[in-house]
$ cat work.pdb   # PDB, C-alpha atoms, pLDDT in the B column
ATOM      1  CA  MET A  21       0.000   0.000   0.000  1.00 43.00           C
ATOM      2  CA  LYS A  22       1.335   3.413  -0.956  1.00 53.00           C
ATOM      3  CA  SER A  23       2.404   5.562   1.974  1.00 58.00           C
ATOM      4  CA  PRO A  24       1.473   9.274   2.091  1.00 52.00           C
ATOM      5  CA  PHE A  25       5.203   9.875   2.570  1.00 63.00           C
ATOM      6  CA  ASP A  26       5.879   8.634  -0.973  1.00 83.00           C
ATOM      7  CA  LEU A  27       5.100  11.853  -2.802  1.00 95.00           C
ATOM      8  CA  GLU A  28       5.055  11.732  -6.576  1.00 95.00           C
ATOM      9  CA  GLY A  29       3.871  13.857  -9.456  1.00 97.00           C
ATOM     10  CA  PRO A  30       4.771  15.308 -12.840  1.00 98.00           C
ATOM     11  CA  GLU A  31       8.229  16.592 -13.685  1.00 98.00           C
ATOM     12  CA  PHE A  32       9.591  18.904 -16.383  1.00 98.00           C
ATOM     13  CA  ALA A  33      13.126  18.129 -17.528  1.00 98.00           C
ATOM     14  CA  PRO A  34      15.769  20.843 -18.071  1.00 97.00           C
ATOM     15  CA  ALA A  35      15.095  22.784 -21.266  1.00 96.00           C
ATOM     16  CA  GLY A  36      18.807  22.713 -22.035  1.00 94.00           C
ATOM     17  CA  GLY A  37      18.711  18.950 -22.313  1.00 94.00           C
ATOM     18  CA  GLY A  38      21.514  18.225 -19.853  1.00 91.00           C
ATOM     19  CA  MET A  39      21.629  17.051 -16.281  1.00 94.00           C
ATOM     20  CA  PRO A  40      19.907  19.461 -13.895  1.00 97.00           C
ATOM     21  CA  THR A  41      22.049  21.805 -11.866  1.00 97.00           C
ATOM     22  CA  LYS A  42      19.014  23.562 -10.379  1.00 98.00           C
ATOM     23  CA  LEU A  43      15.770  22.276  -8.874  1.00 98.00           C
ATOM     24  CA  VAL A  44      12.430  24.065  -8.589  1.00 98.00           C
ATOM     25  CA  LEU A  45       9.852  22.363  -6.361  1.00 98.00           C
ATOM     26  CA  LEU A  46       6.248  23.403  -7.052  1.00 98.00           C
ATOM     27  CA  LEU A  47       3.592  22.942  -4.342  1.00 98.00           C
ATOM     28  CA  HIS A  48      -0.063  23.225  -5.356  1.00 98.00           C
ATOM     29  CA  GLY A  49      -3.076  24.423  -3.390  1.00 96.00           C
ATOM     30  CA  LEU A  50      -6.143  22.767  -1.889  1.00 96.00           C
ATOM     31  CA  GLY A  51      -8.147  20.560  -4.241  1.00 94.00           C
ATOM     32  CA  ALA A  52      -5.585  20.613  -7.051  1.00 96.00           C
ATOM     33  CA  ASP A  53      -2.733  18.230  -7.815  1.00 96.00           C
ATOM     34  CA  GLY A  54       0.763  18.290  -9.246  1.00 97.00           C
ATOM     35  CA  HIS A  55      -0.536  18.760 -12.784  1.00 97.00           C
ATOM     36  CA  ASP A  56      -1.730  22.222 -11.787  1.00 96.00           C
ATOM     37  CA  LEU A  57       1.555  23.969 -10.987  1.00 97.00           C
ATOM     38  CA  ILE A  58       3.713  22.007 -13.422  1.00 98.00           C
ATOM     39  CA  GLY A  59       2.080  24.335 -15.932  1.00 97.00           C
ATOM     40  CA  LEU A  60       4.414  27.060 -14.647  1.00 98.00           C
ATOM     41  CA  ALA A  61       7.478  25.144 -15.808  1.00 98.00           C
ATOM     42  CA  PRO A  62       7.231  25.900 -19.555  1.00 97.00           C
ATOM     43  CA  HIS A  63       7.095  29.629 -18.743  1.00 97.00           C
ATOM     44  CA  TRP A  64      10.213  29.559 -16.562  1.00 98.00           C
ATOM     45  CA  ALA A  65      12.230  26.840 -18.302  1.00 98.00           C
ATOM     46  CA  PRO A  66      13.709  29.236 -20.907  1.00 97.00           C
ATOM     47  CA  LEU A  67      14.950  31.423 -18.035  1.00 97.00           C
ATOM     48  CA  LEU A  68      16.346  28.424 -16.136  1.00 98.00           C
ATOM     49  CA  PRO A  69      17.429  25.978 -18.858  1.00 97.00           C
ATOM     50  CA  ASP A  70      19.437  23.844 -16.413  1.00 97.00           C
ATOM     51  CA  ALA A  71      16.582  23.447 -13.914  1.00 98.00           C
ATOM     52  CA  VAL A  72      14.349  20.448 -13.364  1.00 98.00           C
ATOM     53  CA  PHE A  73      10.825  21.237 -12.175  1.00 98.00           C
ATOM     54  CA  VAL A  74       9.054  18.809  -9.841  1.00 98.00           C
ATOM     55  CA  SER A  75       5.380  19.161  -8.875  1.00 98.00           C
ATOM     56  CA  PRO A  76       4.231  16.454  -6.441  1.00 98.00           C
ATOM     57  CA  HIS A  77       0.647  15.676  -5.535  1.00 97.00           C
ATOM     58  CA  ALA A  78      -0.056  16.620  -1.921  1.00 97.00           C
ATOM     59  CA  PRO A  79      -0.197  13.539   0.310  1.00 95.00           C
ATOM     60  CA  TYR A  80      -3.907  13.412   1.152  1.00 94.00           C
ATOM     61  CA  PRO A  81      -7.133  13.275  -0.866  1.00 93.00           C
ATOM     62  CA  CYS A  82      -9.081  16.513  -0.651  1.00 93.00           C
ATOM     63  CA  ASP A  83     -11.822  16.166   1.963  1.00 92.00           C
ATOM     64  CA  MET A  84     -13.859  19.060   0.534  1.00 87.00           C
ATOM     65  CA  ALA A  85     -14.227  17.801  -3.046  1.00 82.00           C
ATOM     66  CA  PRO A  86     -14.549  14.474  -4.878  1.00 81.00           C
ATOM     67  CA  TYR A  87     -11.188  15.048  -6.573  1.00 86.00           C
ATOM     68  CA  GLY A  88      -7.800  16.636  -5.957  1.00 94.00           C
ATOM     69  CA  HIS A  89      -5.371  16.565  -3.066  1.00 96.00           C
ATOM     70  CA  GLN A  90      -4.560  18.559   0.045  1.00 96.00           C
ATOM     71  CA  TRP A  91      -1.579  19.115   2.301  1.00 97.00           C
ATOM     72  CA  PHE A  92      -3.954  19.445   5.243  1.00 96.00           C
ATOM     73  CA  SER A  93      -7.670  19.803   5.864  1.00 93.00           C
ATOM     74  CA  LEU A  94      -9.395  23.161   5.869  1.00 89.00           C
ATOM     75  CA  GLN A  95     -12.697  21.894   7.225  1.00 87.00           C
ATOM     76  CA  ASP A  96     -11.718  23.799  10.357  1.00 89.00           C
ATOM     77  CA  ARG A  97     -10.148  27.144   9.406  1.00 87.00           C
ATOM     78  CA  GLY A  98      -9.202  28.060  12.955  1.00 88.00           C
ATOM     79  CA  GLU A  99      -5.617  29.170  13.479  1.00 91.00           C
ATOM     80  CA  GLN A 100      -4.715  26.208  15.696  1.00 94.00           C
ATOM     81  CA  ALA A 101      -6.301  23.672  13.330  1.00 95.00           C
ATOM     82  CA  ILE A 102      -4.353  25.053  10.373  1.00 96.00           C
ATOM     83  CA  LEU A 103      -1.106  25.051  12.351  1.00 97.00           C
ATOM     84  CA  SER A 104      -1.678  21.439  13.406  1.00 97.00           C
ATOM     85  CA  GLY A 105      -2.345  20.477   9.794  1.00 96.00           C
ATOM     86  CA  VAL A 106       0.820  22.148   8.536  1.00 97.00           C
ATOM     87  CA  GLN A 107       2.871  20.593  11.320  1.00 97.00           C
ATOM     88  CA  ALA A 108       1.562  17.125  10.419  1.00 96.00           C
ATOM     89  CA  ALA A 109       2.378  17.541   6.720  1.00 96.00           C
ATOM     90  CA  TYR A 110       5.751  19.171   7.272  1.00 97.00           C
ATOM     91  CA  PRO A 111       7.784  15.963   7.912  1.00 96.00           C
ATOM     92  CA  ILE A 112       6.371  14.464   4.704  1.00 96.00           C
ATOM     93  CA  LEU A 113       7.479  17.448   2.654  1.00 97.00           C
ATOM     94  CA  ASP A 114      10.811  17.762   4.444  1.00 97.00           C
ATOM     95  CA  ALA A 115      11.670  14.113   3.759  1.00 96.00           C
ATOM     96  CA  PHE A 116      10.648  14.523   0.112  1.00 97.00           C
ATOM     97  CA  ILE A 117      13.004  17.494  -0.226  1.00 97.00           C
ATOM     98  CA  ASP A 118      15.839  15.381   1.178  1.00 97.00           C
ATOM     99  CA  ARG A 119      15.111  12.615  -1.325  1.00 96.00           C
ATOM    100  CA  LEU A 120      14.952  15.031  -4.257  1.00 97.00           C
ATOM    101  CA  LEU A 121      18.268  16.650  -3.376  1.00 97.00           C
ATOM    102  CA  ALA A 122      19.913  13.243  -3.024  1.00 97.00           C
ATOM    103  CA  ARG A 123      18.375  11.985  -6.257  1.00 96.00           C
ATOM    104  CA  PHE A 124      19.682  14.900  -8.317  1.00 97.00           C
ATOM    105  CA  GLY A 125      22.911  15.363  -6.361  1.00 97.00           C
ATOM    106  CA  LEU A 126      22.101  18.978  -5.534  1.00 98.00           C
ATOM    107  CA  ALA A 127      22.409  21.215  -2.488  1.00 97.00           C
ATOM    108  CA  GLU A 128      19.771  23.429  -0.908  1.00 98.00           C
ATOM    109  CA  SER A 129      21.511  26.453  -2.444  1.00 97.00           C
ATOM    110  CA  GLU A 130      20.605  25.039  -5.869  1.00 98.00           C
ATOM    111  CA  MET A 131      16.930  24.605  -5.043  1.00 98.00           C
ATOM    112  CA  ALA A 132      13.881  26.875  -4.885  1.00 98.00           C
ATOM    113  CA  LEU A 133      10.387  26.290  -3.530  1.00 98.00           C
ATOM    114  CA  VAL A 134       7.327  27.753  -5.240  1.00 98.00           C
ATOM    115  CA  GLY A 135       3.890  27.483  -3.685  1.00 98.00           C
ATOM    116  CA  PHE A 136       0.342  28.537  -4.381  1.00 98.00           C
ATOM    117  CA  SER A 137      -2.141  29.113  -1.536  1.00 97.00           C
ATOM    118  CA  GLN A 138      -1.841  26.050   0.725  1.00 97.00           C
ATOM    119  CA  GLY A 139       1.387  25.234  -1.106  1.00 98.00           C
ATOM    120  CA  THR A 140       2.762  28.637  -0.092  1.00 98.00           C
ATOM    121  CA  MET A 141       1.973  27.884   3.541  1.00 98.00           C
ATOM    122  CA  MET A 142       3.891  24.615   3.269  1.00 98.00           C
ATOM    123  CA  SER A 143       6.800  26.169   1.352  1.00 98.00           C
ATOM    124  CA  LEU A 144       7.325  28.871   3.954  1.00 98.00           C
ATOM    125  CA  PHE A 145       6.924  26.566   6.931  1.00 98.00           C
ATOM    126  CA  ALA A 146       9.366  23.973   5.595  1.00 98.00           C
ATOM    127  CA  SER A 147      12.009  26.293   4.173  1.00 98.00           C
ATOM    128  CA  LEU A 148      12.393  28.339   7.352  1.00 98.00           C
ATOM    129  CA  ARG A 149      13.067  25.151   9.311  1.00 98.00           C
ATOM    130  CA  ARG A 150      15.735  23.654   7.032  1.00 97.00           C
ATOM    131  CA  VAL A 151      19.202  23.685   8.566  1.00 97.00           C
ATOM    132  CA  ARG A 152      20.658  24.955   5.273  1.00 97.00           C
ATOM    133  CA  PRO A 153      18.705  27.644   3.398  1.00 97.00           C
ATOM    134  CA  VAL A 154      17.225  27.000  -0.005  1.00 98.00           C
ATOM    135  CA  ALA A 155      18.029  29.554  -2.707  1.00 98.00           C
ATOM    136  CA  ALA A 156      14.547  31.083  -2.808  1.00 98.00           C
ATOM    137  CA  VAL A 157      10.904  30.773  -1.868  1.00 98.00           C
ATOM    138  CA  VAL A 158       8.167  32.168  -4.108  1.00 98.00           C
ATOM    139  CA  GLY A 159       4.724  32.238  -2.523  1.00 98.00           C
ATOM    140  CA  TYR A 160       1.542  33.080  -4.399  1.00 98.00           C
ATOM    141  CA  SER A 161      -1.735  33.880  -2.618  1.00 98.00           C
ATOM    142  CA  GLY A 162      -0.702  32.327   0.667  1.00 98.00           C
ATOM    143  CA  ALA A 163       0.062  32.996   4.320  1.00 98.00           C
ATOM    144  CA  LEU A 164       2.702  32.424   6.967  1.00 98.00           C
ATOM    145  CA  VAL A 165       1.568  29.744   9.401  1.00 97.00           C
ATOM    146  CA  GLY A 166       3.125  29.411  12.845  1.00 95.00           C
ATOM    147  CA  SER A 167       4.891  32.761  12.939  1.00 94.00           C
ATOM    148  CA  GLY A 168       4.782  32.679  16.726  1.00 93.00           C
ATOM    149  CA  LEU A 169       7.056  29.632  16.680  1.00 96.00           C
ATOM    150  CA  LEU A 170       9.820  31.220  14.615  1.00 95.00           C
ATOM    151  CA  ALA A 171      11.738  32.499  17.625  1.00 93.00           C
ATOM    152  CA  GLU A 172      12.343  28.876  18.627  1.00 96.00           C
ATOM    153  CA  GLU A 173      12.172  27.032  15.300  1.00 97.00           C
ATOM    154  CA  LEU A 174      13.753  29.340  12.694  1.00 98.00           C
ATOM    155  CA  LYS A 175      16.906  27.751  11.272  1.00 98.00           C
ATOM    156  CA  SER A 176      17.496  29.554   7.980  1.00 97.00           C
ATOM    157  CA  ARG A 177      16.520  32.754   6.217  1.00 98.00           C
ATOM    158  CA  PRO A 178      16.044  32.167   2.478  1.00 98.00           C
ATOM    159  CA  PRO A 179      15.014  35.126   0.304  1.00 98.00           C
ATOM    160  CA  VAL A 180      11.232  35.183  -0.097  1.00 98.00           C
ATOM    161  CA  LEU A 181       8.993  36.687  -2.771  1.00 98.00           C
ATOM    162  CA  LEU A 182       5.277  37.003  -2.001  1.00 98.00           C
ATOM    163  CA  VAL A 183       2.731  37.823  -4.721  1.00 98.00           C
ATOM    164  CA  HIS A 184      -0.940  38.306  -3.880  1.00 98.00           C
ATOM    165  CA  GLY A 185      -4.010  39.730  -5.591  1.00 98.00           C
ATOM    166  CA  ASP A 186      -5.925  42.432  -3.745  1.00 98.00           C
ATOM    167  CA  ALA A 187      -9.227  40.914  -4.903  1.00 98.00           C
ATOM    168  CA  ASP A 188      -8.438  37.465  -3.454  1.00 98.00           C
ATOM    169  CA  GLU A 189     -11.660  36.097  -1.969  1.00 97.00           C
ATOM    170  CA  ILE A 190     -10.093  32.872  -0.643  1.00 95.00           C
ATOM    171  CA  VAL A 191      -6.961  34.046   1.156  1.00 96.00           C
ATOM    172  CA  PRO A 192      -7.177  37.803   1.819  1.00 97.00           C
ATOM    173  CA  VAL A 193      -4.232  39.881   0.652  1.00 98.00           C
ATOM    174  CA  GLN A 194      -3.739  40.968   4.263  1.00 98.00           C
ATOM    175  CA  ALA A 195      -2.341  37.489   4.926  1.00 98.00           C
ATOM    176  CA  SER A 196       0.681  38.241   2.736  1.00 98.00           C
ATOM    177  CA  ALA A 197       1.058  41.710   4.245  1.00 98.00           C
ATOM    178  CA  MET A 198       1.186  40.115   7.695  1.00 98.00           C
ATOM    179  CA  ALA A 199       3.606  37.464   6.431  1.00 98.00           C
ATOM    180  CA  LYS A 200       5.935  40.155   5.109  1.00 98.00           C
ATOM    181  CA  ALA A 201       5.946  41.974   8.448  1.00 98.00           C
ATOM    182  CA  GLU A 202       6.509  38.780  10.425  1.00 97.00           C
ATOM    183  CA  LEU A 203       9.294  37.579   8.134  1.00 98.00           C
ATOM    184  CA  GLN A 204      11.032  40.943   8.267  1.00 97.00           C
ATOM    185  CA  ALA A 205      10.823  40.892  12.053  1.00 96.00           C
ATOM    186  CA  ALA A 206      12.554  37.492  11.979  1.00 97.00           C
ATOM    187  CA  GLY A 207      15.337  38.806   9.731  1.00 97.00           C
ATOM    188  CA  VAL A 208      14.145  37.003   6.597  1.00 98.00           C
ATOM    189  CA  PRO A 209      14.654  39.002   3.360  1.00 98.00           C
ATOM    190  CA  VAL A 210      11.208  39.365   1.781  1.00 98.00           C
ATOM    191  CA  GLU A 211       9.482  41.229  -1.047  1.00 98.00           C
ATOM    192  CA  LEU A 212       5.730  41.629  -1.465  1.00 98.00           C
ATOM    193  CA  HIS A 213       4.006  42.507  -4.729  1.00 98.00           C
ATOM    194  CA  VAL A 214       0.260  43.171  -4.612  1.00 98.00           C
ATOM    195  CA  ARG A 215      -1.559  42.662  -7.905  1.00 98.00           C
ATOM    196  CA  PRO A 216      -4.501  45.037  -8.384  1.00 98.00           C
ATOM    197  CA  GLY A 217      -7.839  43.424  -9.213  1.00 97.00           C
ATOM    198  CA  LEU A 218      -6.445  39.884  -9.142  1.00 98.00           C
ATOM    199  CA  PRO A 219      -8.560  37.187  -7.415  1.00 98.00           C
ATOM    200  CA  HIS A 220      -7.155  33.899  -6.066  1.00 97.00           C
ATOM    201  CA  GLY A 221      -4.703  33.077  -8.825  1.00 97.00           C
ATOM    202  CA  ILE A 222      -1.496  33.931 -10.683  1.00 98.00           C
ATOM    203  CA  ASP A 223      -1.452  36.513 -13.456  1.00 98.00           C
ATOM    204  CA  ASP A 224       1.148  37.188 -16.160  1.00 97.00           C
ATOM    205  CA  LYS A 225       2.863  39.874 -14.106  1.00 98.00           C
ATOM    206  CA  GLY A 226       3.088  37.594 -11.091  1.00 98.00           C
ATOM    207  CA  LEU A 227       4.489  34.863 -13.302  1.00 98.00           C
ATOM    208  CA  ALA A 228       7.142  37.246 -14.626  1.00 98.00           C
ATOM    209  CA  LEU A 229       8.033  38.465 -11.135  1.00 98.00           C
ATOM    210  CA  GLY A 230       8.450  34.889  -9.947  1.00 98.00           C
ATOM    211  CA  GLY A 231      10.651  33.956 -12.883  1.00 98.00           C
ATOM    212  CA  GLN A 232      12.912  36.962 -12.405  1.00 98.00           C
ATOM    213  CA  PHE A 233      13.221  36.255  -8.683  1.00 98.00           C
ATOM    214  CA  LEU A 234      14.137  32.613  -9.317  1.00 98.00           C
ATOM    215  CA  VAL A 235      16.796  33.587 -11.846  1.00 98.00           C
ATOM    216  CA  ARG A 236      18.378  36.116  -9.471  1.00 97.00           C
ATOM    217  CA  SER A 237      18.254  33.829  -6.457  1.00 98.00           C
ATOM    218  CA  LEU A 238      19.488  30.659  -8.142  1.00 97.00           C
ATOM    219  CA  ALA A 239      22.344  32.567  -9.793  1.00 91.00           C
ATOM    220  CA  ARG A 240      23.828  33.547  -6.437  1.00 75.00           C
TER     221      ARG A 240
END

$ encode --input "work.pdb" --output "structure tokens"
Amino acid sequence: MKSPFDLEGPEFAPAGGGMPTKLVLLLHGLGADGHDLIGLAPHWAPLLPDAVFVSPHAPYPCDMAPYGHQWFSLQDRGEQAILSGVQAAYPILDAFIDRLLARFGLAESEMALVGFSQGTMMSLFASLRRVRPVAAVVGYSGALVGSGLLAEELKSRPPVLLVHGDADEIVPVQASAMAKAELQAAGVPVELHVRPGLPHGIDDKGLALGGQFLVRSLAR
């Protein structure tokens, strides 16, 4: 029987055709699957021709729809329930990152995490608790979960880009504004770009901002 720890999903090979020297891990939101965010890879592959893109399905079936996956349940949207859900999924994601780095023979400095919504919450939570910092975190339409634990649990400070629409009806844009303030207070370098009129999604400008940030961060 397949274990939830055995994450899998679509991959996009380096556009340059060689062995990957960079890794971009894409984490989808509630009710989607890995096929959702792998669609970002063709847009960014020309900018990062030596990067492999990996977009795993979240470990659990979505409990709010007859299809899709979730990193944690949102049946209860209370702060403590969300934190508990992220904490339960974190070891699964953390172990998957270890396996990916070993598989491709890469270091954290050659890897970036990109998340959307729930995937952003997981990307931020996991990356801040890695002993060695990843090159970058790009978070679309998400939030910082467990900020009150950072004083005890923060281990690295990767550069973070947050992009959020001000018409988001699912995760209010204020969540990213709060995340920026909390990350800055913890000494994490962070940028926030608010997209006017954008609902819960990624627009062309946000896509371009993410690509530029990945190129800069992975080139360091």

$ residues_near_point --input "work.pdb" --point "(7.7, 19.7, -6.9)" --cutoff "12 Å" --atoms "all atoms listed in the file" --output "count of residues only"
45

$ resolve_selection --input "work.pdb" --expression "the PyMOL selection byres ((chain A and resi 70) around 6)" --output "PyMOL selection string"
chain A and resi 34+36+40-41+68-69+71

$ resolve_selection --input "work.pdb" --expression "the PyMOL selection byres ((chain A and resi 170-185) around 7)" --output "number ranges by chain"
A: 148-161, 167-169, 186-188, 193, 196, 208-220, 226

$ atom_distance --input "work.pdb" --atom1 "atom CA of Ala122 of chain A" --atom2 "atom CA of Trp91 of chain A"
22.9 Å

$ atom_distance --input "work.pdb" --atom1 "atom CA of Leu144 of chain A" --atom2 "atom CA of Phe124 of chain A"
22.3 Å

$ build_atoms --input "work.pdb" --residues "segment 70-97 of chain A" --atoms "N, CA and C atoms" --output "PDB file, in the frame of the given file"
ATOM      1  N   ASP A  70      18.778  24.967 -17.086  1.00 97.00           N
ATOM      2  CA  ASP A  70      19.437  23.844 -16.413  1.00 97.00           C
ATOM      3  C   ASP A  70      18.653  23.359 -15.201  1.00 97.00           C
ATOM      4  N   ALA A  71      17.390  23.808 -15.086  1.00 98.00           N
ATOM      5  CA  ALA A  71      16.582  23.447 -13.914  1.00 98.00           C
ATOM      6  C   ALA A  71      15.587  22.342 -14.244  1.00 98.00           C
ATOM      7  N   VAL A  72      15.425  21.424 -13.297  1.00 98.00           N
ATOM      8  CA  VAL A  72      14.349  20.448 -13.364  1.00 98.00           C
ATOM      9  C   VAL A  72      13.226  20.948 -12.456  1.00 98.00           C
ATOM     10  N   PHE A  73      11.996  20.813 -12.930  1.00 98.00           N
ATOM     11  CA  PHE A  73      10.825  21.237 -12.175  1.00 98.00           C
ATOM     12  C   PHE A  73      10.069  19.998 -11.705  1.00 98.00           C
ATOM     13  N   VAL A  74       9.743  19.957 -10.427  1.00 98.00           N
ATOM     14  CA  VAL A  74       9.054  18.809  -9.841  1.00 98.00           C
ATOM     15  C   VAL A  74       7.806  19.311  -9.126  1.00 98.00           C
ATOM     16  N   SER A  75       6.658  18.700  -9.422  1.00 98.00           N
ATOM     17  CA  SER A  75       5.380  19.161  -8.875  1.00 98.00           C
ATOM     18  C   SER A  75       4.601  17.985  -8.293  1.00 98.00           C
ATOM     19  N   PRO A  76       4.882  17.631  -7.032  1.00 98.00           N
ATOM     20  CA  PRO A  76       4.231  16.454  -6.441  1.00 98.00           C
ATOM     21  C   PRO A  76       2.766  16.708  -6.095  1.00 98.00           C
ATOM     22  N   HIS A  77       1.999  15.627  -6.084  1.00 97.00           N
ATOM     23  CA  HIS A  77       0.647  15.676  -5.535  1.00 97.00           C
ATOM     24  C   HIS A  77       0.762  15.740  -4.013  1.00 97.00           C
ATOM     25  N   ALA A  78      -0.024  16.592  -3.378  1.00 97.00           N
ATOM     26  CA  ALA A  78      -0.056  16.620  -1.921  1.00 97.00           C
ATOM     27  C   ALA A  78      -0.457  15.245  -1.382  1.00 97.00           C
ATOM     28  N   PRO A  79      -0.083  14.929  -0.156  1.00 95.00           N
ATOM     29  CA  PRO A  79      -0.197  13.539   0.310  1.00 95.00           C
ATOM     30  C   PRO A  79      -1.595  13.008   0.567  1.00 95.00           C
ATOM     31  N   TYR A  80      -2.594  13.894   0.739  1.00 94.00           N
ATOM     32  CA  TYR A  80      -3.907  13.412   1.152  1.00 94.00           C
ATOM     33  C   TYR A  80      -4.997  13.779   0.149  1.00 94.00           C
ATOM     34  N   PRO A  81      -5.990  12.914  -0.020  1.00 93.00           N
ATOM     35  CA  PRO A  81      -7.133  13.275  -0.866  1.00 93.00           C
ATOM     36  C   PRO A  81      -7.861  14.477  -0.273  1.00 93.00           C
ATOM     37  N   CYS A  82      -8.352  15.336  -1.124  1.00 93.00           N
ATOM     38  CA  CYS A  82      -9.081  16.513  -0.651  1.00 93.00           C
ATOM     39  C   CYS A  82     -10.380  16.075   0.025  1.00 93.00           C
ATOM     40  N   ASP A  83     -10.620  16.573   1.234  1.00 92.00           N
ATOM     41  CA  ASP A  83     -11.822  16.166   1.963  1.00 92.00           C
ATOM     42  C   ASP A  83     -12.984  17.148   1.768  1.00 92.00           C
ATOM     43  N   MET A  84     -12.807  18.092   0.816  1.00 87.00           N
ATOM     44  CA  MET A  84     -13.859  19.060   0.534  1.00 87.00           C
ATOM     45  C   MET A  84     -14.336  18.976  -0.914  1.00 87.00           C
ATOM     46  N   ALA A  85     -13.850  17.973  -1.642  1.00 82.00           N
ATOM     47  CA  ALA A  85     -14.227  17.801  -3.046  1.00 82.00           C
ATOM     48  C   ALA A  85     -14.024  16.339  -3.420  1.00 82.00           C
ATOM     49  N   PRO A  86     -14.697  15.875  -4.478  1.00 81.00           N
ATOM     50  CA  PRO A  86     -14.549  14.474  -4.878  1.00 81.00           C
ATOM     51  C   PRO A  86     -13.283  14.208  -5.691  1.00 81.00           C
ATOM     52  N   TYR A  87     -12.407  15.179  -5.776  1.00 86.00           N
ATOM     53  CA  TYR A  87     -11.188  15.048  -6.573  1.00 86.00           C
ATOM     54  C   TYR A  87     -10.105  15.931  -5.933  1.00 86.00           C
ATOM     55  N   GLY A  88      -8.888  15.790  -6.420  1.00 94.00           N
ATOM     56  CA  GLY A  88      -7.800  16.636  -5.957  1.00 94.00           C
ATOM     57  C   GLY A  88      -7.168  16.170  -4.657  1.00 94.00           C
ATOM     58  N   HIS A  89      -6.167  16.919  -4.237  1.00 96.00           N
ATOM     59  CA  HIS A  89      -5.371  16.565  -3.066  1.00 96.00           C
ATOM     60  C   HIS A  89      -5.264  17.766  -2.131  1.00 96.00           C
ATOM     61  N   GLN A  90      -4.785  17.490  -0.930  1.00 96.00           N
ATOM     62  CA  GLN A  90      -4.560  18.559   0.045  1.00 96.00           C
ATOM     63  C   GLN A  90      -3.332  18.230   0.886  1.00 96.00           C
ATOM     64  N   TRP A  91      -2.677  19.280   1.348  1.00 97.00           N
ATOM     65  CA  TRP A  91      -1.579  19.115   2.301  1.00 97.00           C
ATOM     66  C   TRP A  91      -2.137  18.943   3.711  1.00 97.00           C
ATOM     67  N   PHE A  92      -3.270  19.580   3.949  1.00 96.00           N
ATOM     68  CA  PHE A  92      -3.954  19.445   5.243  1.00 96.00           C
ATOM     69  C   PHE A  92      -5.400  19.876   5.050  1.00 96.00           C
ATOM     70  N   SER A  93      -6.251  19.490   5.960  1.00 93.00           N
ATOM     71  CA  SER A  93      -7.670  19.803   5.864  1.00 93.00           C
ATOM     72  C   SER A  93      -7.942  21.259   6.221  1.00 93.00           C
ATOM     73  N   LEU A  94      -8.914  21.824   5.532  1.00 89.00           N
ATOM     74  CA  LEU A  94      -9.395  23.161   5.869  1.00 89.00           C
ATOM     75  C   LEU A  94     -10.871  23.142   6.277  1.00 89.00           C
ATOM     76  N   GLN A  95     -11.333  21.972   6.694  1.00 87.00           N
ATOM     77  CA  GLN A  95     -12.697  21.894   7.225  1.00 87.00           C
ATOM     78  C   GLN A  95     -12.837  22.833   8.420  1.00 87.00           C
ATOM     79  N   ASP A  96     -11.793  22.864   9.237  1.00 89.00           N
ATOM     80  CA  ASP A  96     -11.718  23.799  10.357  1.00 89.00           C
ATOM     81  C   ASP A  96     -10.660  24.833   9.997  1.00 89.00           C
ATOM     82  N   ARG A  97     -11.075  26.086   9.811  1.00 87.00           N
ATOM     83  CA  ARG A  97     -10.148  27.144   9.406  1.00 87.00           C
ATOM     84  C   ARG A  97      -9.623  27.954  10.593  1.00 87.00           C
TER      85      ARG A  97
END
